[in-house]
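Enquirer: Mind looking over this structure? Questions follow.
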Amino acid sequence: MQGKGLRTLVLIFVLGMSAYVLYPTVQWYFLLSPEQKRILNQDSEELLLEKQNLSESLRKLRDLVPDPKERLKKLDGEGFSMNLRPRVTLDEEVVLNLDNKNTLLKRIFGSEDPLEKKEFLSLAEEIHKIQNSLETFHNLKGLRQKVVKLGLDLDGGTHLTLAVNRRDLIRRLRFQFEGLGLKDRNPIEELIQNEGDLDESKIEFDRDLIRENLGQNQNNRTPQNVEDGSTDSSLKDLVNQRETELISEYQESMQQELSTATENALVVIRNRIDQFGVAETTISRGLGDTIFIELPRLDQKNVDDTVKTITQAGELQFQIVHEEWMERIPPRFLGQGEYQNYISPLFVEETNEGLNFTLEAREFLEKRQIILSSSVEGSSLYSLEETDEFGNATIVAYAILKNRIQVPGQNLSRSDIGYDPQTGIPHVLFELDSEGARIFRGVTRENIGNRMAIVLDGKIKSAPSIRQEIGGSGQITLGANPSIEEIRQLVAILKAGVLPAKLDLVSVLSIGPKLGKANIEAGRNALIVGMVFVLLFMVIYYRLAGIVAVFALILNLYILFSILSAFGFTLTLPGLAGIVLTVGIAVDANVIIFERMREEIRDNKSVRGILSSSYEKAFSAILDSNLTTIFAAFILSQIGSGIIQGFGFTLMWGIATSMFTALFVTRLVFDFTLDWTHMKKIYV
Amino acid sequence: MFKRLKNLDFIGLKKYTFILSVTLLLLGFLTWILRGGFNFSIDFEGGSQLQISLGTKQSVNEIKAILGDKIEVTELGDTGKEFWIQSTLGKEIDWAEIQNITRNKILKPLRENFANLSMREELVYEESGVSFIVDLGETVQVEELEKFLGQGIQVQAQGPNTFFIRSSLSQLWAKKKVIEPLREVFPNLEIENDTTYDPTVGQNIRNQAWVVSFLVLCLILLYIGLRFQFKFGVAAIVALVHDALMVFSFLLFFNRELDISIVVALLTILGYSLNDTIVVFDRIRENQALLSKTNYILVVNESIGQSLSRTVVTSLTTLFVVLCVFFLGGPALNNLAFALLVGVLVGTYSSIFVASPILVLWEDWVHKRESSPKRKKSLQKI
């Protein structure tokens, strides 16, 4: 064994780290009042309202100040009415110095009389209050990530059932195979039999188109065949055969995509949850086409957010803005400010057939023969949405895009968060694969001067002008003031891949705590009584050594809980069972050591000899029994889901910590005790 | 305390213990056949669990008289006013009745109130629920519609005037079989908590448990094979399977429900039993090197004896906790505690009387093969 000094340092380090990661949980459950926590239950609309109040007050405040540009220079800026975070928007000094109102007033108005500027002060105080509560909200949200939570079975939660939208799946399949020769006149809807299988007899392919495609390939690959002077008929046979092969290949791959859609969706959802870090969520495949997701007890807002992240298709496309049409639209229909090159939302409405101009606008446009309908020459209206930091999307403008998809999202090879070097505003960086980059270059070369819209799930995210030919990478900006969370979410969605189709939310069940409050208390008390029994038994049966064991056990639980806290773990009934088993195994390790000690004492060894040989001999038994259990627990925590995973996780870490406390800590305690007391005998 | 027991011929007892184990397992199997399978609980089978408060004092029997035998009623607390009511969907879902209920509870009121109603997508009956899409022909708020249809029916807006309406079977069932009959008698009835169990969730866990257990067993075999010998791995796994089957048998003997907490208990027991077995094996490994290899039975007996005090102490301490949960932990943890109780006892028993004798048998078998004339001949040839 190493010197005691080093070992003590290791122990102190571990305990310190544990205290550090355990603190948020302690803070959450013991230091925060329920009123404080209630702030988190605000839904997005309340927050939006609060935010609006804030910007309203800020505007009023600015109006009160003469020559605000000069005097509130530091307060003003692009984000004046948009940004929330007090530290960014307002000069800290100005707002936080409300205690020293006179100085504040002097700085702004040149006068010191607080009575005169009552309105200004009350506005400033209100702003201060709103900012504080918004900041508390953000801080609490961050804190909750690092806290041990109670699971669905102990605390209730939400159970979601999702299903792949077959219509959307079919729409996409059709899109995919149309170019390859699928005949248009049979809508795929009719080709699907009841169970979602393809009715192959009804699929018709356009042989001419296939031959054309095939011809191109033939010319590219094997021009010799023709020159070799093969007879016409054998070539025809060859082409015919290839055609038939291709058709059955297509049929097969359509069938394949239909049958694996749910499985693919599941993989994408898992990726998204991992990427986005929606913690303690369980995902599993339900019967048939359904997917189950279990969310812990969250406020409505979090449930909505998660549903949004999960169900968003994540289909990224690049489409060209139809500038010719956009230019013909009279200025009165265009937006203001940064949206001056877009159509104002006032003149577009959503109808059953999709987006269209309002009746008023349509009449006007038709009269002047500018635009006859929303879909002219293969283009349509698309909305441009912007999201605020609470995830509320609002349509800010519209544009007419050419329907042709220039580069499909499948060609995306990488995406990441980037920052504008000048403004520091975050955006999404993406890279295309070689195929995508080739197409992208071609398209940008042909469309210099036009805008290229980056379209996610049918909505414009941004539409920068093409200034030059662009290769395989680019960036997506999300307005002037995007929240980092939204950027992260988008990156996560792009990284996780495209869902095979939209997902439908089939059901949302809120689940009450299964055990009920009284039962949870009964269970907890029973566990405590049981533990006390065990500890008492250890002390009575092993005397001094028993006290050491009890100390080790308490340390063990402390370290285990801090690990759970660091992972923001969700404690479920199975997780609790894992902890109980951990306690059992930790006690067992000590029992093994103490029984060895008793054996060694019978052999009349010296105190130190007894200590080292009993630890040495017990080591292999403890190591092997614990490692096998850790392996098993590891598999459970990785492969299993839901209850199995929770059990595996606590058990795995519990055994790891119990090995540390039972072998390392108790030995250290024994060593110190021997040094200090000069014992001649070990009381075991 | 353990001195006399330590010198016991544990392996010699294998005749009796094997008979005991096999008999118990056979009895378990027989019970399984007689009972027609396990008594799966609501979280496996699907169903509804309601926590109700009646406003007036009632006895469980009075409520049972209203609801019928198939529905479980448990009193909550001691006020006599709050109850837990559980109804499983049961194995035989009467589809005709489900369809009937759906039409009466959802469609009929809708048709009566919305004259222009048209069905966009026909009613779909699945194992877990019913769903359909309707066009109501007029503007309605989702909340209003939800309120109108009442408890247990979910509404989602799909487009202008179009709604996706869904209800899980168990919620419909609960509405028809529990809430309505009770409301007639107790108008002050309040539903405090309503939990629905989807039958597919339990199905899922069951499927997963099998796959995961198989993988875990393979890994255990591999690890023990590397650290000990292959035969130790086999013996440990036989003991684990023995324990799991034994727990199932006892659940059947006492006619206990198989719920999801049993899956948790089984995993716990496997971990515990494995731990126990390996500690004994570790002694055997140690003594194998020390003592003469000729008498394997002696080695194993000695090892069990040496580790006996530890085995007993550990089992005792674990039993303290489990017994406390069993007697004080309340009804929700009772099943878990029962399974753990059986598991701890069986797990301790199996490491001494199942895993260790198998090692001896294995050794005997290898010994016999080595000393058999055939084997000798082939050895001589080499």
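Letters A, B, ... go to the chains of the structure tokens in the order shown; residues in each chain start at 1; ligands are counted from 1 in the same order.
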Show me, as a ChimeraX atom specification, the residues that have an atom within 9 Å of Glu121 (chain B) when counting only C-alpha atoms, minus same-chain residues fewer than 4 positions from it.

Expert: /B:131-134

Enquirer: Write out as a PyMOL selection string the set of residues from region 127-341 of chain B that DSSP, computed on the backbone, places in helix (DSSP H, G or I).

Expert: chain B and resi 142-149+169-185+199-227+230-253+260-290+296-328+331-341

Enquirer: I'd like to know which of B:Pro331, B:Val212, B:Leu136, B:Phe40 is closest to Glu112 (chain B), using only C-alpha atoms.

Expert: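 The answer is B:Leu136, which sits nearest to Glu112 (chain B).
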
Enquirer: Determine which residues of chain B sit within 8 Å of chain A, taking into account only C-alpha atoms, and present them as a ChimeraX atom specification.

Expert: /B:77,154,160,166,193-196,200-201,204,208-209,212,215-217,219-220,223-224,227,261,264-265,268,271-272,274-276,278-279,282-283,309-310,313-314,317-318,320-325,328-333

Enquirer: Quick one: residues within 12 Å of Arg467 (chain A), only C-alpha atoms, excluding same-chain residues fewer than 5 positions away - as a PyMOL selection string?

Expert: chain A and resi 444-452

Enquirer: So which one's closest to Arg242 (chain A), A:Arg207, A:Lys502, A:Arg272, A:Lys680? Using only C-alpha atoms, please.

Expert: A:Arg207

Enquirer: For each of A:Leu316, A:Ala545, A:Glu431, A:Pro24, take the minimum atom-to-atom distance to Leu143 (chain A), counting only C-alpha atoms, then give the residue where this is smallest.

Expert: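 Residue with the minimum atom-to-atom distance to Leu143 (chain A): A:Pro24.
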
Enquirer: Leaving out Arg183 (chain B) and any residue of its chain fewer than 6 positions from it, which residues lie within 12 Å of it when counting only C-alpha atoms, given as a PyMOL selection string?

Expert: chain B and resi 52-55+63+66-67+175-177+189-191

Enquirer: One number please: CA of Val268 (chain A) to CA of Asp457 (chain A), in Å, one decimal.

Expert: 15.4 Å

Enquirer: Between B:Ile297, B:Ala289, B:Leu359, B:Val155, single out the one closest to Glu143 (chain B), counting only C-alpha atoms.

Expert: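 Smallest separation from Glu143 (chain B) among the options: B:Val155.
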
Enquirer: Excluding Ala463 (chain A) and any residue of its chain fewer than 2 positions from it, enumerate the residues within 8 Å of it, using only C-alpha atoms, and give them as a PDB file with N, CA, C and O atoms, in the first residue's frame.

Expert:
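The result, written out as result-v6.pdb:
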ATOM      1  N   VAL A 321     -34.789  31.512 -54.531  1.00  0.00           N
ATOM      2  CA  VAL A 321     -35.887  32.476 -54.464  1.00  0.00           C
ATOM      3  C   VAL A 321     -36.234  32.921 -55.889  1.00  0.00           C
ATOM      4  O   VAL A 321     -35.342  33.187 -56.696  1.00  0.00           O
ATOM      5  N   ARG A 451     -31.270  35.002 -54.423  1.00  0.00           N
ATOM      6  CA  ARG A 451     -31.155  34.520 -53.059  1.00  0.00           C
ATOM      7  C   ARG A 451     -31.351  33.000 -53.026  1.00  0.00           C
ATOM      8  O   ARG A 451     -32.134  32.455 -53.797  1.00  0.00           O
ATOM      9  N   MET A 452     -30.617  32.380 -52.166  1.00  0.00           N
ATOM     10  CA  MET A 452     -30.771  30.934 -51.982  1.00  0.00           C
ATOM     11  C   MET A 452     -31.428  30.713 -50.625  1.00  0.00           C
ATOM     12  O   MET A 452     -30.893  31.102 -49.585  1.00  0.00           O
ATOM     13  N   ALA A 453     -32.609  30.103 -50.628  1.00  0.00           N
ATOM     14  CA  ALA A 453     -33.314  29.906 -49.366  1.00  0.00           C
ATOM     15  C   ALA A 453     -32.893  28.588 -48.747  1.00  0.00           C
ATOM     16  O   ALA A 453     -32.805  27.568 -49.427  1.00  0.00           O
ATOM     17  N   ILE A 454     -32.592  28.637 -47.472  1.00  0.00           N
ATOM     18  CA  ILE A 454     -32.303  27.413 -46.737  1.00  0.00           C
ATOM     19  C   ILE A 454     -33.603  27.021 -46.049  1.00  0.00           C
ATOM     20  O   ILE A 454     -34.115  27.744 -45.199  1.00  0.00           O
ATOM     21  N   ILE A 460     -38.662  28.599 -44.470  1.00  0.00           N
ATOM     22  CA  ILE A 460     -37.393  29.251 -44.754  1.00  0.00           C
ATOM     23  C   ILE A 460     -36.707  29.582 -43.430  1.00  0.00           C
ATOM     24  O   ILE A 460     -37.311  30.144 -42.529  1.00  0.00           O
ATOM     25  N   LYS A 461     -35.449  29.198 -43.326  1.00  0.00           N
ATOM     26  CA  LYS A 461     -34.683  29.569 -42.141  1.00  0.00           C
ATOM     27  C   LYS A 461     -33.917  30.844 -42.409  1.00  0.00           C
ATOM     28  O   LYS A 461     -33.816  31.717 -41.557  1.00  0.00           O
ATOM     29  N   SER A 465     -28.184  36.195 -50.117  1.00  0.00           N
ATOM     30  CA  SER A 465     -27.929  36.375 -51.549  1.00  0.00           C
ATOM     31  C   SER A 465     -26.664  35.625 -51.930  1.00  0.00           C
ATOM     32  O   SER A 465     -25.709  35.555 -51.154  1.00  0.00           O
TER      33      SER A 465
END

Enquirer: How far is it from CA of Ala355 (chain B) to CA of Ala236 (chain B), in Å with one decimal?

Expert: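 Interatomic distance here is 5.7 Å.
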
Enquirer: So what do you get for CA of Val346 (chain B) versus CA of Met246 (chain B), distance-wise?

Expert: 7.3 Å

Enquirer: Between A:Arg328, A:Asn271, A:Leu258, A:Lys308, single out the one closest to Arg368 (chain A), counting only C-alpha atoms.

Expert: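 So, comparing all the options, the nearest one is A:Arg328.
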
Enquirer: Considering only C-alpha atoms, can you say which of A:Leu295, A:Asp504, A:Glu35, A:Arg174 comes closest to Thr262 (chain A)?

Expert: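 Answer, going by the shortest atom-to-atom distance: A:Asp504.
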